[in-house]
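Only one structure is covered here, and it is reproduced in the block below.
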Amino acid sequence: MRYPTNEKQAALFCVFISILVAATISPSGSYFFENFIYFWLPQAGVFLIPAIIYSRPAVISGAALVLALYLAAFNSWNVSNGPESLTWLGYLFSLPGAAIGAGAGALYLKSKTNNKPIYVGAAIAVSTFIGLAINQTFVCSTVMHCGF
């Protein structure tokens with residue numbers, strides 16, 4: 001099936017935003033590449049899961065945008081609380097929830113027909129956010145003190 005060029009461009013733009021956020025928060029210096037990979041590669045794994053299930057560029061848009069916003073928010077929260085390197089484990093531990101949410105959204109959408117790209121992207125964004133929020137709540141109440 002062929003998808004509109006603007007749907008592909010939106011997916012590329014959202015992936016670019018996630019790359020840009022990861023590159024921006026990665027400390028410059030000799031460990032830049034390692035930090036960048038640490039921040040961005042797990043995101044790529046998360047937004048590829050719904051893409052494999054549903055095989056449409058709009059699913060990448062929704063998941064990539066939510067994950068880019070989450071990374072920026074998590075970094076802001078970490079910096080405001082006095083940055084600690086172990087806090088970033090909380091970021092990683094929250095991503096399985098995003099993957100489950102994105103995958104569940106993709107499975108739900110797979111049974112639907114004639115979905116517009118904006119609907120697909122929004123549905124995946126919402127399901128990714130819900131999975132992420134549930135998992136972050138679990139992480140904050142068990143292995144990490146989030147201070148909310």
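The chains in the structure tokens are called A, B, ... from first to last as shown; in each chain the residues are counted from 1, and the ligands are counted from 1 in the order shown.
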Could you build a table of the residues in segment 53-85 of chain A lying no more than 8 Å from segment 121-137 of chain A, giving for each the nearest pair of atoms and their separation in Å rounded to one decimal place, using only C-alpha atoms, ordered by chain and ascending residue number, as CSV?
residue,atom,partner,partner_atom,distance
A:Ala58,CA,A:Gly121,CA,4.8
A:Val59,CA,A:Gly121,CA,5.2
A:Ile60,CA,A:Gly121,CA,7.5
A:Ser61,CA,A:Gly121,CA,5.8
A:Gly62,CA,A:Ala125,CA,4.2
A:Ala63,CA,A:Ala125,CA,5.2
A:Leu65,CA,A:Ala125,CA,7.3
A:Val66,CA,A:Ala125,CA,5.9
Per-residue DSSP, chain A, filtered to alpha helix (DSSP H), as a VMD selection string: chain A and resid 5 to 25 32 to 54 57 to 80 88 to 110 117 to 142
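Take the candidates A:Ser26, A:Ser55, A:Asn75, A:Ser141 and check each one against Val120 of chain A using only C-alpha atoms; the shortest distance goes to A:Ser55.
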Gap from atom CA of Lys112 of chain A to atom CA of Ser18 of chain A - Å, one decimal: 27.8 Å
Nearest to Ala73 of chain A, chosen from A:Ile37, A:Thr113, A:Gly103, A:Ala22, with only C-alpha atoms counted in the distances: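 Once distances to Ala73 of chain A are computed over only C-alpha atoms, the minimum belongs to A:Ala22.
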Residue neighbourhood segment 94-96 of chain A, 8 Å, only C-alpha atoms, exclusion window fewer than 3 positions, as a short mmCIF file (atom, residue, chain, number, x, y, z; two decimals) with N, CA, C and O atoms, in the first residue's frame:
data_model
loop_
_atom_site.label_atom_id
_atom_site.label_comp_id
_atom_site.auth_asym_id
_atom_site.auth_seq_id
_atom_site.Cartn_x
_atom_site.Cartn_y
_atom_site.Cartn_z
N PRO A 42 16.90 3.42 22.57
CA PRO A 42 15.70 2.78 23.14
C PRO A 42 14.41 3.38 22.57
O PRO A 42 13.43 2.66 22.38
N GLN A 43 14.41 4.68 22.30
CA GLN A 43 13.23 5.30 21.68
C GLN A 43 12.97 4.69 20.31
O GLN A 43 11.83 4.39 19.96
N VAL A 46 11.28 1.50 20.61
CA VAL A 46 9.87 1.64 20.99
C VAL A 46 9.02 2.03 19.80
O VAL A 46 7.97 1.44 19.56
N GLY A 90 15.70 5.39 35.58
CA GLY A 90 14.25 5.55 35.62
C GLY A 90 13.68 5.82 34.24
O GLY A 90 12.59 5.36 33.90
N TYR A 91 14.43 6.58 33.44
CA TYR A 91 14.02 6.82 32.05
C TYR A 91 13.95 5.50 31.28
O TYR A 91 12.96 5.20 30.62
N ALA A 99 6.49 0.99 25.08
CA ALA A 99 6.47 -0.04 24.02
C ALA A 99 5.19 -0.85 24.06
O ALA A 99 4.57 -1.13 23.02
N ILE A 100 4.75 -1.21 25.27
CA ILE A 100 3.51 -1.97 25.41
C ILE A 100 2.32 -1.12 24.97
O ILE A 100 1.43 -1.60 24.23
N LEU A 132 3.34 4.69 28.94
CA LEU A 132 4.46 5.36 29.58
C LEU A 132 4.08 5.88 30.96
O LEU A 132 4.83 5.71 31.93
N ASN A 135 3.67 2.97 33.44
CA ASN A 135 4.95 2.41 33.82
C ASN A 135 5.76 3.39 34.67
O ASN A 135 6.43 2.99 35.62
N GLN A 136 5.72 4.69 34.34
CA GLN A 136 6.45 5.69 35.13
C GLN A 136 5.89 5.75 36.55
O GLN A 136 6.65 5.88 37.50
N VAL A 139 7.33 2.79 38.32
CA VAL A 139 8.75 3.01 38.61
C VAL A 139 8.91 3.98 39.78
O VAL A 139 9.72 3.75 40.68
#
